[in-house]
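Engineer: Below is one structure. I have some questions about it.
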Amino acid sequence: MTLSNTVIDPQDPALLLAEVEAAGQRLAAARERLGRVIFGQRVVIDLSLITLLSGGHALLVGVPGLAKTRLVETLGTVLGLDDRRVQFTPDLMPADIIGSEVLEEGDGGRRSFRFIKGPVFCQLLMADEINRASPRTQSALLQAMQEHRVSVAGQYHSLPAPFHVLATQNPLEQEGTYPLPEAQLDRFLMQIDVGYPDLEAERSMLLATTGVTEDKATAAMTAAELQQAQRVVRRIPVGDSVVETILALVRAGRPDTTTLDIVRANVSWGPGPRASQALMLAARARALLEGRLAPSADDVLALAPSVLRHRMALNFAARAEGLGIDQVIAKLCEPHA
């Protein structure tokens, strides 16, 4: 049976189960092939796959040399996506990303404009060091992320499907950077913090990447199969207890609706409804990635830091005392653990 060509009956649990199993097998192969190339970053790999399964974008934050760029390139290969990379710099203009119109002269001297597509016209875009671009350029990418289209000279141009942005930020060097506005941060489904690999993973990486030959990524899925998996994610049933956990968690992070003193005293603004939507989709995607038919509250709690950390801001007093946003999120999760 070719599931991608089957008419979907939302009331047919047997068909949904078959689709979950088929997608789970493909995703297991994708995880395994990613793990051959990206060492010691299993959590980062899983969160990146969850982001793509949810149809969203991710912000990768980590110091240089942690394979963020390699991760995005490998994801493109393993998932069968057309991927591009843009190195963001302060002098990068919107036209360098989305494209521009050029005036051409044809036969007979007739002149006309032709649109030349920029690198954003791909399925997986790596925006490297996105906070080095000016706000003008960041806003051009924001439209592409939200609407999956760009506008040039009053004309809209649709982007390929699927379309995902994986952006990177260096948390150390902030000179000459432009912090992303809250509206653009909210468009990222997750902020994935990339840490150092453990000892054994780093040893394996040394042995595997400094010899004569090196493992290369191979495709485990196609773009069409990823889109099919994204449709399956939205059909996975979610129990009332999971919905209530999401609502309680997000609303507890808002200073005006919380009952937690740590939030009321230290948080200047909390997560909006888009955070609830992101948690719902990500919990479903995590269940699919692990071959389960429905998510649990544990999925929500595991994903909460990545979904909420860029959607909340601490006030000056909290930052002065050295309080971190992950500490606040941990307090939000405590009543549901």
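In the structure tokens, chains take letters A, B, ... by order of appearance, with residues numbered from 1 within each chain and ligands from 1 in the order shown.
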Hey, which bits of segment 122-204 of chain A sit within 10 Å of segment 53-63 of chain A, and for each residue what's the closest pair of atoms and how far apart in Å (one decimal), counting only C-alpha atoms, rows by chain and increasing number, as JSON lines?
Structural biologist:
{"residue": "A:Leu124", "atom": "CA", "partner": "A:His57", "partner_atom": "CA", "distance": 9.5}
{"residue": "A:Leu125", "atom": "CA", "partner": "A:His57", "partner_atom": "CA", "distance": 9.6}
{"residue": "A:Met126", "atom": "CA", "partner": "A:Ala58", "partner_atom": "CA", "distance": 9.9}
{"residue": "A:Ala127", "atom": "CA", "partner": "A:Leu59", "partner_atom": "CA", "distance": 9.2}
{"residue": "A:Asp128", "atom": "CA", "partner": "A:Leu60", "partner_atom": "CA", "distance": 9.4}
{"residue": "A:Glu129", "atom": "CA", "partner": "A:Val61", "partner_atom": "CA", "distance": 9.3}
{"residue": "A:Ile130", "atom": "CA", "partner": "A:Leu59", "partner_atom": "CA", "distance": 9.2}
{"residue": "A:Met145", "atom": "CA", "partner": "A:His57", "partner_atom": "CA", "distance": 7.6}
{"residue": "A:Gln146", "atom": "CA", "partner": "A:Gly56", "partner_atom": "CA", "distance": 9.5}
{"residue": "A:Pro162", "atom": "CA", "partner": "A:Gly55", "partner_atom": "CA", "distance": 7.7}
{"residue": "A:Phe163", "atom": "CA", "partner": "A:Gly55", "partner_atom": "CA", "distance": 8.0}
{"residue": "A:His164", "atom": "CA", "partner": "A:His57", "partner_atom": "CA", "distance": 5.4}
{"residue": "A:Val165", "atom": "CA", "partner": "A:His57", "partner_atom": "CA", "distance": 5.0}
{"residue": "A:Leu166", "atom": "CA", "partner": "A:Ala58", "partner_atom": "CA", "distance": 4.9}
{"residue": "A:Ala167", "atom": "CA", "partner": "A:Leu59", "partner_atom": "CA", "distance": 4.9}
{"residue": "A:Thr168", "atom": "CA", "partner": "A:Leu60", "partner_atom": "CA", "distance": 4.6}
{"residue": "A:Gln169", "atom": "CA", "partner": "A:Val61", "partner_atom": "CA", "distance": 4.9}
{"residue": "A:Asn170", "atom": "CA", "partner": "A:Val63", "partner_atom": "CA", "distance": 5.4}
{"residue": "A:Pro171", "atom": "CA", "partner": "A:Gly62", "partner_atom": "CA", "distance": 6.2}
{"residue": "A:Leu172", "atom": "CA", "partner": "A:Val63", "partner_atom": "CA", "distance": 6.8}
{"residue": "A:Glu173", "atom": "CA", "partner": "A:Val63", "partner_atom": "CA", "distance": 9.1}
{"residue": "A:Leu185", "atom": "CA", "partner": "A:Leu59", "partner_atom": "CA", "distance": 8.4}
{"residue": "A:Arg187", "atom": "CA", "partner": "A:His57", "partner_atom": "CA", "distance": 7.3}
{"residue": "A:Phe188", "atom": "CA", "partner": "A:His57", "partner_atom": "CA", "distance": 4.9}
{"residue": "A:Leu189", "atom": "CA", "partner": "A:Gly56", "partner_atom": "CA", "distance": 5.4}
{"residue": "A:Met190", "atom": "CA", "partner": "A:Ala58", "partner_atom": "CA", "distance": 5.0}
{"residue": "A:Gln191", "atom": "CA", "partner": "A:Leu59", "partner_atom": "CA", "distance": 4.7}
{"residue": "A:Ile192", "atom": "CA", "partner": "A:Leu60", "partner_atom": "CA", "distance": 4.9}
{"residue": "A:Asp193", "atom": "CA", "partner": "A:Val61", "partner_atom": "CA", "distance": 4.9}
{"residue": "A:Val194", "atom": "CA", "partner": "A:Gly62", "partner_atom": "CA", "distance": 4.9}
{"residue": "A:Gly195", "atom": "CA", "partner": "A:Gly62", "partner_atom": "CA", "distance": 6.4}
{"residue": "A:Tyr196", "atom": "CA", "partner": "A:Gly62", "partner_atom": "CA", "distance": 8.8}
Engineer: Do you know which residues are at most 12 Å from Phe39 of chain A counting only C-alpha atoms, after dropping those on the same chain fewer than 2 positions away, and could you put them as a PDB file with N, CA, C and O atoms, in the first residue's frame?
Structural biologist:
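Below is the file that was written, selection.pdb:
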ATOM      1  N   ARG A  31      17.274   9.094  11.791  1.00  0.00           N
ATOM      2  CA  ARG A  31      18.036   9.331  13.030  1.00  0.00           C
ATOM      3  C   ARG A  31      19.360   8.582  12.992  1.00  0.00           C
ATOM      4  O   ARG A  31      20.412   9.115  13.385  1.00  0.00           O
ATOM      5  N   GLU A  32      19.311   7.331  12.544  1.00  0.00           N
ATOM      6  CA  GLU A  32      20.514   6.515  12.530  1.00  0.00           C
ATOM      7  C   GLU A  32      21.560   7.090  11.580  1.00  0.00           C
ATOM      8  O   GLU A  32      22.756   7.152  11.907  1.00  0.00           O
ATOM      9  N   ARG A  33      21.126   7.561  10.413  1.00  0.00           N
ATOM     10  CA  ARG A  33      22.068   8.100   9.436  1.00  0.00           C
ATOM     11  C   ARG A  33      22.597   9.465   9.868  1.00  0.00           C
ATOM     12  O   ARG A  33      23.749   9.796   9.585  1.00  0.00           O
ATOM     13  N   LEU A  34      21.786  10.239  10.545  1.00  0.00           N
ATOM     14  CA  LEU A  34      22.272  11.504  11.103  1.00  0.00           C
ATOM     15  C   LEU A  34      23.320  11.245  12.182  1.00  0.00           C
ATOM     16  O   LEU A  34      24.327  11.949  12.279  1.00  0.00           O
ATOM     17  N   GLY A  35      23.082  10.211  13.005  1.00  0.00           N
ATOM     18  CA  GLY A  35      24.005   9.882  14.081  1.00  0.00           C
ATOM     19  C   GLY A  35      25.361   9.406  13.602  1.00  0.00           C
ATOM     20  O   GLY A  35      26.348   9.483  14.336  1.00  0.00           O
ATOM     21  N   ARG A  36      25.442   8.909  12.345  1.00  0.00           N
ATOM     22  CA  ARG A  36      26.730   8.482  11.802  1.00  0.00           C
ATOM     23  C   ARG A  36      27.653   9.669  11.527  1.00  0.00           C
ATOM     24  O   ARG A  36      28.876   9.520  11.502  1.00  0.00           O
ATOM     25  N   VAL A  37      27.053  10.828  11.287  1.00  0.00           N
ATOM     26  CA  VAL A  37      27.825  12.005  10.888  1.00  0.00           C
ATOM     27  C   VAL A  37      27.929  13.033  12.017  1.00  0.00           C
ATOM     28  O   VAL A  37      28.950  13.695  12.179  1.00  0.00           O
ATOM     29  N   GLN A  41      25.250  14.454  19.705  1.00  0.00           N
ATOM     30  CA  GLN A  41      24.201  15.482  19.716  1.00  0.00           C
ATOM     31  C   GLN A  41      22.838  14.839  19.476  1.00  0.00           C
ATOM     32  O   GLN A  41      22.020  15.349  18.720  1.00  0.00           O
ATOM     33  N   ARG A  42      22.570  13.730  20.138  1.00  0.00           N
ATOM     34  CA  ARG A  42      21.319  13.002  19.907  1.00  0.00           C
ATOM     35  C   ARG A  42      20.099  13.858  20.235  1.00  0.00           C
ATOM     36  O   ARG A  42      19.114  13.867  19.490  1.00  0.00           O
ATOM     37  N   VAL A  43      20.158  14.603  21.330  1.00  0.00           N
ATOM     38  CA  VAL A  43      19.021  15.448  21.699  1.00  0.00           C
ATOM     39  C   VAL A  43      18.807  16.540  20.664  1.00  0.00           C
ATOM     40  O   VAL A  43      17.671  16.828  20.264  1.00  0.00           O
ATOM     41  N   VAL A  44      19.895  17.147  20.195  1.00  0.00           N
ATOM     42  CA  VAL A  44      19.793  18.202  19.182  1.00  0.00           C
ATOM     43  C   VAL A  44      19.223  17.638  17.883  1.00  0.00           C
ATOM     44  O   VAL A  44      18.374  18.270  17.231  1.00  0.00           O
ATOM     45  N   ILE A  45      19.663  16.447  17.494  1.00  0.00           N
ATOM     46  CA  ILE A  45      19.133  15.797  16.292  1.00  0.00           C
ATOM     47  C   ILE A  45      17.631  15.558  16.433  1.00  0.00           C
ATOM     48  O   ILE A  45      16.841  15.858  15.525  1.00  0.00           O
ATOM     49  N   LEU A  66      30.538  23.328  17.001  1.00  0.00           N
ATOM     50  CA  LEU A  66      29.695  22.259  17.543  1.00  0.00           C
ATOM     51  C   LEU A  66      28.844  21.587  16.462  1.00  0.00           C
ATOM     52  O   LEU A  66      27.836  20.965  16.755  1.00  0.00           O
ATOM     53  N   ALA A  67      29.221  21.744  15.218  1.00  0.00           N
ATOM     54  CA  ALA A  67      28.598  21.045  14.077  1.00  0.00           C
ATOM     55  C   ALA A  67      27.186  21.525  13.772  1.00  0.00           C
ATOM     56  O   ALA A  67      26.379  20.769  13.244  1.00  0.00           O
ATOM     57  N   LYS A  68      26.899  22.796  14.059  1.00  0.00           N
ATOM     58  CA  LYS A  68      25.567  23.318  13.730  1.00  0.00           C
ATOM     59  C   LYS A  68      25.369  23.375  12.216  1.00  0.00           C
ATOM     60  O   LYS A  68      24.334  22.963  11.691  1.00  0.00           O
ATOM     61  N   ARG A  70      27.040  21.698   9.955  1.00  0.00           N
ATOM     62  CA  ARG A  70      27.073  20.322   9.449  1.00  0.00           C
ATOM     63  C   ARG A  70      25.744  19.622   9.700  1.00  0.00           C
ATOM     64  O   ARG A  70      25.289  18.821   8.877  1.00  0.00           O
ATOM     65  N   LEU A  71      25.111  19.919  10.822  1.00  0.00           N
ATOM     66  CA  LEU A  71      23.816  19.320  11.130  1.00  0.00           C
ATOM     67  C   LEU A  71      22.783  19.697  10.076  1.00  0.00           C
ATOM     68  O   LEU A  71      22.039  18.843   9.582  1.00  0.00           O
ATOM     69  N   GLY A 195      25.109  22.025  23.021  1.00  0.00           N
ATOM     70  CA  GLY A 195      26.198  21.958  23.996  1.00  0.00           C
ATOM     71  C   GLY A 195      27.358  21.120  23.490  1.00  0.00           C
ATOM     72  O   GLY A 195      27.351  20.594  22.369  1.00  0.00           O
ATOM     73  N   TYR A 196      28.377  20.980  24.331  1.00  0.00           N
ATOM     74  CA  TYR A 196      29.546  20.180  23.973  1.00  0.00           C
ATOM     75  C   TYR A 196      29.202  18.691  24.012  1.00  0.00           C
ATOM     76  O   TYR A 196      28.415  18.253  24.846  1.00  0.00           O
ATOM     77  N   PRO A 197      29.824  17.885  23.141  1.00  0.00           N
ATOM     78  CA  PRO A 197      29.608  16.433  23.210  1.00  0.00           C
ATOM     79  C   PRO A 197      30.291  15.835  24.432  1.00  0.00           C
ATOM     80  O   PRO A 197      31.231  16.436  24.983  1.00  0.00           O
ATOM     81  N   ASP A 198      29.829  14.653  24.840  1.00  0.00           N
ATOM     82  CA  ASP A 198      30.479  13.994  25.969  1.00  0.00           C
ATOM     83  C   ASP A 198      31.802  13.374  25.521  1.00  0.00           C
ATOM     84  O   ASP A 198      32.161  13.401  24.335  1.00  0.00           O
ATOM     85  N   LEU A 199      32.536  12.803  26.471  1.00  0.00           N
ATOM     86  CA  LEU A 199      33.891  12.314  26.199  1.00  0.00           C
ATOM     87  C   LEU A 199      33.902  11.242  25.126  1.00  0.00           C
ATOM     88  O   LEU A 199      34.698  11.299  24.180  1.00  0.00           O
ATOM     89  N   GLU A 200      33.028  10.236  25.245  1.00  0.00           N
ATOM     90  CA  GLU A 200      33.034   9.133  24.298  1.00  0.00           C
ATOM     91  C   GLU A 200      32.646   9.596  22.902  1.00  0.00           C
ATOM     92  O   GLU A 200      33.210   9.146  21.895  1.00  0.00           O
ATOM     93  N   ALA A 201      31.670  10.513  22.822  1.00  0.00           N
ATOM     94  CA  ALA A 201      31.259  11.026  21.516  1.00  0.00           C
ATOM     95  C   ALA A 201      32.385  11.818  20.862  1.00  0.00           C
ATOM     96  O   ALA A 201      32.619  11.715  19.652  1.00  0.00           O
ATOM     97  N   GLU A 202      33.105  12.597  21.674  1.00  0.00           N
ATOM     98  CA  GLU A 202      34.208  13.376  21.106  1.00  0.00           C
ATOM     99  C   GLU A 202      35.352  12.478  20.657  1.00  0.00           C
ATOM    100  O   GLU A 202      36.000  12.737  19.641  1.00  0.00           O
ATOM    101  N   ARG A 203      35.575  11.382  21.397  1.00  0.00           N
ATOM    102  CA  ARG A 203      36.604  10.419  20.976  1.00  0.00           C
ATOM    103  C   ARG A 203      36.214   9.775  19.642  1.00  0.00           C
ATOM    104  O   ARG A 203      37.048   9.650  18.725  1.00  0.00           O
ATOM    105  N   SER A 204      34.944   9.373  19.514  1.00  0.00           N
ATOM    106  CA  SER A 204      34.481   8.774  18.256  1.00  0.00           C
ATOM    107  C   SER A 204      34.594   9.762  17.104  1.00  0.00           C
ATOM    108  O   SER A 204      34.964   9.391  15.980  1.00  0.00           O
ATOM    109  N   MET A 205      34.285  11.024  17.379  1.00  0.00           N
ATOM    110  CA  MET A 205      34.369  12.053  16.345  1.00  0.00           C
ATOM    111  C   MET A 205      35.813  12.216  15.857  1.00  0.00           C
ATOM    112  O   MET A 205      36.074  12.315  14.656  1.00  0.00           O
ATOM    113  N   LEU A 206      36.758  12.236  16.787  1.00  0.00           N
ATOM    114  CA  LEU A 206      38.170  12.385  16.418  1.00  0.00           C
ATOM    115  C   LEU A 206      38.618  11.257  15.499  1.00  0.00           C
ATOM    116  O   LEU A 206      39.283  11.485  14.483  1.00  0.00           O
ATOM    117  N   LEU A 207      38.268  10.038  15.852  1.00  0.00           N
ATOM    118  CA  LEU A 207      38.700   8.883  15.073  1.00  0.00           C
ATOM    119  C   LEU A 207      38.017   8.839  13.709  1.00  0.00           C
ATOM    120  O   LEU A 207      38.617   8.401  12.720  1.00  0.00           O
ATOM    121  N   ALA A 208      36.764   9.309  13.650  1.00  0.00           N
ATOM    122  CA  ALA A 208      35.995   9.178  12.410  1.00  0.00           C
ATOM    123  C   ALA A 208      36.255  10.298  11.414  1.00  0.00           C
ATOM    124  O   ALA A 208      36.037  10.119  10.217  1.00  0.00           O
ATOM    125  N   THR A 209      36.716  11.454  11.880  1.00  0.00           N
ATOM    126  CA  THR A 209      36.786  12.620  10.990  1.00  0.00           C
ATOM    127  C   THR A 209      38.202  13.066  10.646  1.00  0.00           C
ATOM    128  O   THR A 209      38.367  14.019   9.883  1.00  0.00           O
ATOM    129  N   ASP A 215      32.634   8.993   6.943  1.00  0.00           N
ATOM    130  CA  ASP A 215      31.255   8.624   6.613  1.00  0.00           C
ATOM    131  C   ASP A 215      30.515   9.812   6.011  1.00  0.00           C
ATOM    132  O   ASP A 215      30.605  10.939   6.503  1.00  0.00           O
TER     133      ASP A 215
END
Engineer: Which residue gives the smallest distance to Ala153 of chain A among A:Thr177, A:Phe121, A:Thr74, A:Val102, with only C-alpha atoms counted?
Structural biologist: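 Between A:Thr177, A:Phe121, A:Thr74, A:Val102, the residue approaching Ala153 of chain A most closely is A:Val102.
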Engineer: Need the shell around Glu244 of chain A: protein/DNA/RNA residues with any atom at most 12 Å away, counting only C-alpha atoms. Skip same-chain ones fewer than 3 positions apart. Format as a list in words?
Structural biologist: Val238, Gly239, Asp240, Ser241, Leu247, Ala248, Leu249, Val250, Arg251, Ala252, Ser276, Leu279, Met280, Ser296, Ala297, Val300 and His336 of chain A
Engineer: Suppose you want the space between atom CA of Ala23 of chain A and atom CA of Lys216 of chain A; what is it in Å?
Structural biologist: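 A separation of 23.1 Å between them.
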Engineer: Which residue gives the smallest distance to Val243 of chain A among A:Met312, A:Leu281, A:Val20, A:Leu47, with only C-alpha atoms counted?
Structural biologist: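 Closest to Val243 of chain A of all the choices is A:Leu281.
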Engineer: Just give me the gap between atom CA of Ser134 of chain A and atom CA of Phe316 of chain A in Å, one decimal is fine.
Structural biologist: 25.2 Å
Engineer: If you count only C-alpha atoms, which residues fall within 9 Å of segment 321-329 of chain A, apart from same-chain ones fewer than 3 positions away, as a PDB file with N, CA and C atoms, in the first residue's frame?
Structural biologist:
ATOM      1  N   LEU A 249       0.788  25.094  31.660  1.00  0.00           N
ATOM      2  CA  LEU A 249       2.213  25.437  31.606  1.00  0.00           C
ATOM      3  C   LEU A 249       2.418  26.820  30.982  1.00  0.00           C
ATOM      4  N   GLY A 253       3.362  30.825  32.736  1.00  0.00           N
ATOM      5  CA  GLY A 253       4.542  31.609  32.399  1.00  0.00           C
ATOM      6  C   GLY A 253       4.255  33.074  32.147  1.00  0.00           C
ATOM      7  N   ILE A 262       7.837  33.265  41.422  1.00  0.00           N
ATOM      8  CA  ILE A 262       9.065  33.438  40.658  1.00  0.00           C
ATOM      9  C   ILE A 262       8.780  34.060  39.286  1.00  0.00           C
ATOM     10  N   VAL A 263       7.619  33.765  38.732  1.00  0.00           N
ATOM     11  CA  VAL A 263       7.243  34.346  37.435  1.00  0.00           C
ATOM     12  C   VAL A 263       6.784  35.786  37.625  1.00  0.00           C
ATOM     13  N   ASN A 266       9.888  38.026  38.349  1.00  0.00           N
ATOM     14  CA  ASN A 266      11.091  38.047  37.504  1.00  0.00           C
ATOM     15  C   ASN A 266      10.844  38.070  36.002  1.00  0.00           C
ATOM     16  N   VAL A 267       9.630  37.775  35.556  1.00  0.00           N
ATOM     17  CA  VAL A 267       9.365  37.689  34.127  1.00  0.00           C
ATOM     18  C   VAL A 267       8.696  38.974  33.655  1.00  0.00           C
ATOM     19  N   ALA A 304       9.238  21.577  26.777  1.00  0.00           N
ATOM     20  CA  ALA A 304       8.941  22.922  27.293  1.00  0.00           C
ATOM     21  C   ALA A 304      10.138  23.877  27.254  1.00  0.00           C
ATOM     22  N   PRO A 305      11.338  23.480  27.686  1.00  0.00           N
ATOM     23  CA  PRO A 305      12.463  24.441  27.641  1.00  0.00           C
ATOM     24  C   PRO A 305      12.744  24.950  26.231  1.00  0.00           C
ATOM     25  N   LEU A 308       9.773  27.296  25.055  1.00  0.00           N
ATOM     26  CA  LEU A 308       9.444  28.487  25.838  1.00  0.00           C
ATOM     27  C   LEU A 308      10.606  29.452  26.047  1.00  0.00           C
ATOM     28  N   ARG A 309      11.854  28.980  25.984  1.00  0.00           N
ATOM     29  CA  ARG A 309      12.969  29.832  26.428  1.00  0.00           C
ATOM     30  C   ARG A 309      13.141  31.100  25.599  1.00  0.00           C
ATOM     31  N   HIS A 310      12.764  31.083  24.326  1.00  0.00           N
ATOM     32  CA  HIS A 310      12.894  32.291  23.510  1.00  0.00           C
ATOM     33  C   HIS A 310      11.592  33.081  23.446  1.00  0.00           C
ATOM     34  N   MET A 312      10.015  34.009  26.381  1.00  0.00           N
ATOM     35  CA  MET A 312       9.903  34.638  27.690  1.00  0.00           C
ATOM     36  C   MET A 312      11.117  35.539  27.892  1.00  0.00           C
ATOM     37  N   ALA A 313      10.939  36.596  28.660  1.00  0.00           N
ATOM     38  CA  ALA A 313      12.050  37.504  28.945  1.00  0.00           C
ATOM     39  C   ALA A 313      12.076  37.842  30.424  1.00  0.00           C
ATOM     40  N   LEU A 314      13.259  37.827  31.001  1.00  0.00           N
ATOM     41  CA  LEU A 314      13.434  38.188  32.408  1.00  0.00           C
ATOM     42  C   LEU A 314      13.602  39.694  32.536  1.00  0.00           C
ATOM     43  N   PHE A 316      15.099  43.224  34.497  1.00  0.00           N
ATOM     44  CA  PHE A 316      16.479  43.613  34.819  1.00  0.00           C
ATOM     45  C   PHE A 316      16.912  43.062  36.169  1.00  0.00           C
ATOM     46  N   ALA A 317      16.026  43.088  37.150  1.00  0.00           N
ATOM     47  CA  ALA A 317      16.385  42.619  38.490  1.00  0.00           C
ATOM     48  C   ALA A 317      16.758  41.142  38.469  1.00  0.00           C
ATOM     49  N   ALA A 318      16.007  40.325  37.711  1.00  0.00           N
ATOM     50  CA  ALA A 318      16.298  38.897  37.639  1.00  0.00           C
ATOM     51  C   ALA A 318      17.643  38.645  36.976  1.00  0.00           C
ATOM     52  N   LEU A 332       8.123  26.138  36.334  1.00  0.00           N
ATOM     53  CA  LEU A 332       6.820  25.957  35.685  1.00  0.00           C
ATOM     54  C   LEU A 332       6.463  24.483  35.547  1.00  0.00           C
ATOM     55  N   CYS A 333       7.467  23.673  35.296  1.00  0.00           N
ATOM     56  CA  CYS A 333       7.224  22.247  35.054  1.00  0.00           C
ATOM     57  C   CYS A 333       7.047  21.431  36.325  1.00  0.00           C
ATOM     58  N   GLU A 334       7.533  21.932  37.440  1.00  0.00           N
ATOM     59  CA  GLU A 334       7.507  21.163  38.700  1.00  0.00           C
ATOM     60  C   GLU A 334       6.131  20.622  39.066  1.00  0.00           C
TER      61      GLU A 334
END
Engineer: Closest to Val78 of chain A among A:Glu21, A:Asp299, A:Glu225, A:Glu105, using only C-alpha atoms?
Structural biologist: A:Glu225
Engineer: Quick check for you: according to DSSP on this backbone, which residues of segment 19-193 of chain A are classed as strand (DSSP E or B)? Reply as a PyMOL selection string.
Structural biologist: chain A and resi 58-61+83-87+99-105+111-117+124-128+149-152+155-158+164-169+190-193
Engineer: Please identify which residues in segment 187-256 of chain A DSSP calls alpha helix (DSSP H) from the backbone, and express them as a PyMOL selection string.
Structural biologist: chain A and resi 199-209+223-235+240-252
Engineer: Print the selection's residues with C-alpha atoms to a file, as a PDB file, in the first residue's frame.
Structural biologist:
ATOM      1  CA  LEU A 199      33.891  12.314  26.199  1.00  0.00           C
ATOM      2  CA  GLU A 200      33.034   9.133  24.298  1.00  0.00           C
ATOM      3  CA  ALA A 201      31.259  11.026  21.516  1.00  0.00           C
ATOM      4  CA  GLU A 202      34.208  13.376  21.106  1.00  0.00           C
ATOM      5  CA  ARG A 203      36.604  10.419  20.976  1.00  0.00           C
ATOM      6  CA  SER A 204      34.481   8.774  18.256  1.00  0.00           C
ATOM      7  CA  MET A 205      34.369  12.053  16.345  1.00  0.00           C
ATOM      8  CA  LEU A 206      38.170  12.385  16.418  1.00  0.00           C
ATOM      9  CA  LEU A 207      38.700   8.883  15.073  1.00  0.00           C
ATOM     10  CA  ALA A 208      35.995   9.178  12.410  1.00  0.00           C
ATOM     11  CA  THR A 209      36.786  12.620  10.990  1.00  0.00           C
ATOM     12  CA  ALA A 223      10.607  15.682   0.627  1.00  0.00           C
ATOM     13  CA  ALA A 224       7.249  14.083  -0.230  1.00  0.00           C
ATOM     14  CA  GLU A 225       7.633  11.557   2.595  1.00  0.00           C
ATOM     15  CA  LEU A 226       8.480  14.362   5.029  1.00  0.00           C
ATOM     16  CA  GLN A 227       5.322  16.213   4.006  1.00  0.00           C
ATOM     17  CA  GLN A 228       3.323  13.021   4.475  1.00  0.00           C
ATOM     18  CA  ALA A 229       4.808  12.636   7.973  1.00  0.00           C
ATOM     19  CA  GLN A 230       3.874  16.265   8.722  1.00  0.00           C
ATOM     20  CA  ARG A 231       0.266  15.486   7.795  1.00  0.00           C
ATOM     21  CA  VAL A 232       0.320  12.410  10.044  1.00  0.00           C
ATOM     22  CA  VAL A 233       1.558  14.555  12.955  1.00  0.00           C
ATOM     23  CA  ARG A 234      -1.534  16.760  12.743  1.00  0.00           C
ATOM     24  CA  ARG A 235      -3.818  13.706  12.801  1.00  0.00           C
ATOM     25  CA  ASP A 240      -7.459  16.071  27.364  1.00  0.00           C
ATOM     26  CA  SER A 241      -4.810  15.718  30.081  1.00  0.00           C
ATOM     27  CA  VAL A 242      -2.079  16.688  27.614  1.00  0.00           C
ATOM     28  CA  VAL A 243      -4.078  19.706  26.426  1.00  0.00           C
ATOM     29  CA  GLU A 244      -4.637  20.834  30.017  1.00  0.00           C
ATOM     30  CA  THR A 245      -0.921  20.419  30.798  1.00  0.00           C
ATOM     31  CA  ILE A 246       0.006  22.622  27.831  1.00  0.00           C
ATOM     32  CA  LEU A 247      -2.494  25.320  28.788  1.00  0.00           C
ATOM     33  CA  ALA A 248      -1.483  25.292  32.454  1.00  0.00           C
ATOM     34  CA  LEU A 249       2.213  25.437  31.606  1.00  0.00           C
ATOM     35  CA  VAL A 250       1.959  28.327  29.138  1.00  0.00           C
ATOM     36  CA  ARG A 251      -0.462  30.391  31.191  1.00  0.00           C
ATOM     37  CA  ALA A 252       1.689  29.931  34.297  1.00  0.00           C
TER      38      ALA A 252
END
Engineer: Contacts of Arg149 of chain A at 6 Å or less, counting only C-alpha atoms, minus same-chain residues fewer than 4 places along, as a list in words?
Structural biologist: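 These residues fall inside the cut-off: Ala144, His157, Ser158 and Leu159 of chain A.
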Engineer: Would you save the residues from that selection as a PDB file, in the first residue's frame, using C-alpha atoms?
Structural biologist:
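Final output, saved to again.pdb:
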ATOM      1  CA  ALA A 144       9.313  34.171   4.295  1.00  0.00           C
ATOM      2  CA  HIS A 157       6.399  34.676  -5.123  1.00  0.00           C
ATOM      3  CA  SER A 158       5.613  31.411  -3.340  1.00  0.00           C
ATOM      4  CA  LEU A 159       8.411  29.402  -1.774  1.00  0.00           C
TER       5      LEU A 159
END
Engineer: For Cys122 of chain A, which residue out of A:Asp96, A:Glu73, A:Asp82, A:Asp107 is the nearest one, using only C-alpha atoms?
Structural biologist: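 Of A:Asp96, A:Glu73, A:Asp82, A:Asp107, the one nearest Cys122 of chain A is A:Asp82, counting only C-alpha atoms.
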Engineer: Any idea what's packed within 9 Å of Pro90 of chain A, counting only C-alpha atoms, ignoring anything in its chain fewer than 6 positions away? Could you give it as a list in words?
Structural biologist: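 In the requested form, the answer reads Asn131, Arg132, Ala133, Ser134, Gly176, Thr177 and Tyr178 of chain A.
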Engineer: Which residue gives the smallest distance to Leu81 of chain A among A:Ala22, A:Met221, A:Val152, A:Val212, with only C-alpha atoms counted?
Structural biologist: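 Among the listed residues, the smallest separation from Leu81 of chain A belongs to A:Met221.
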Engineer: By how many Å are atom CA of Asp83 of chain A and atom CA of Ala30 of chain A apart?
Structural biologist: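 That distance, rounded to one decimal, is 16.3 Å.
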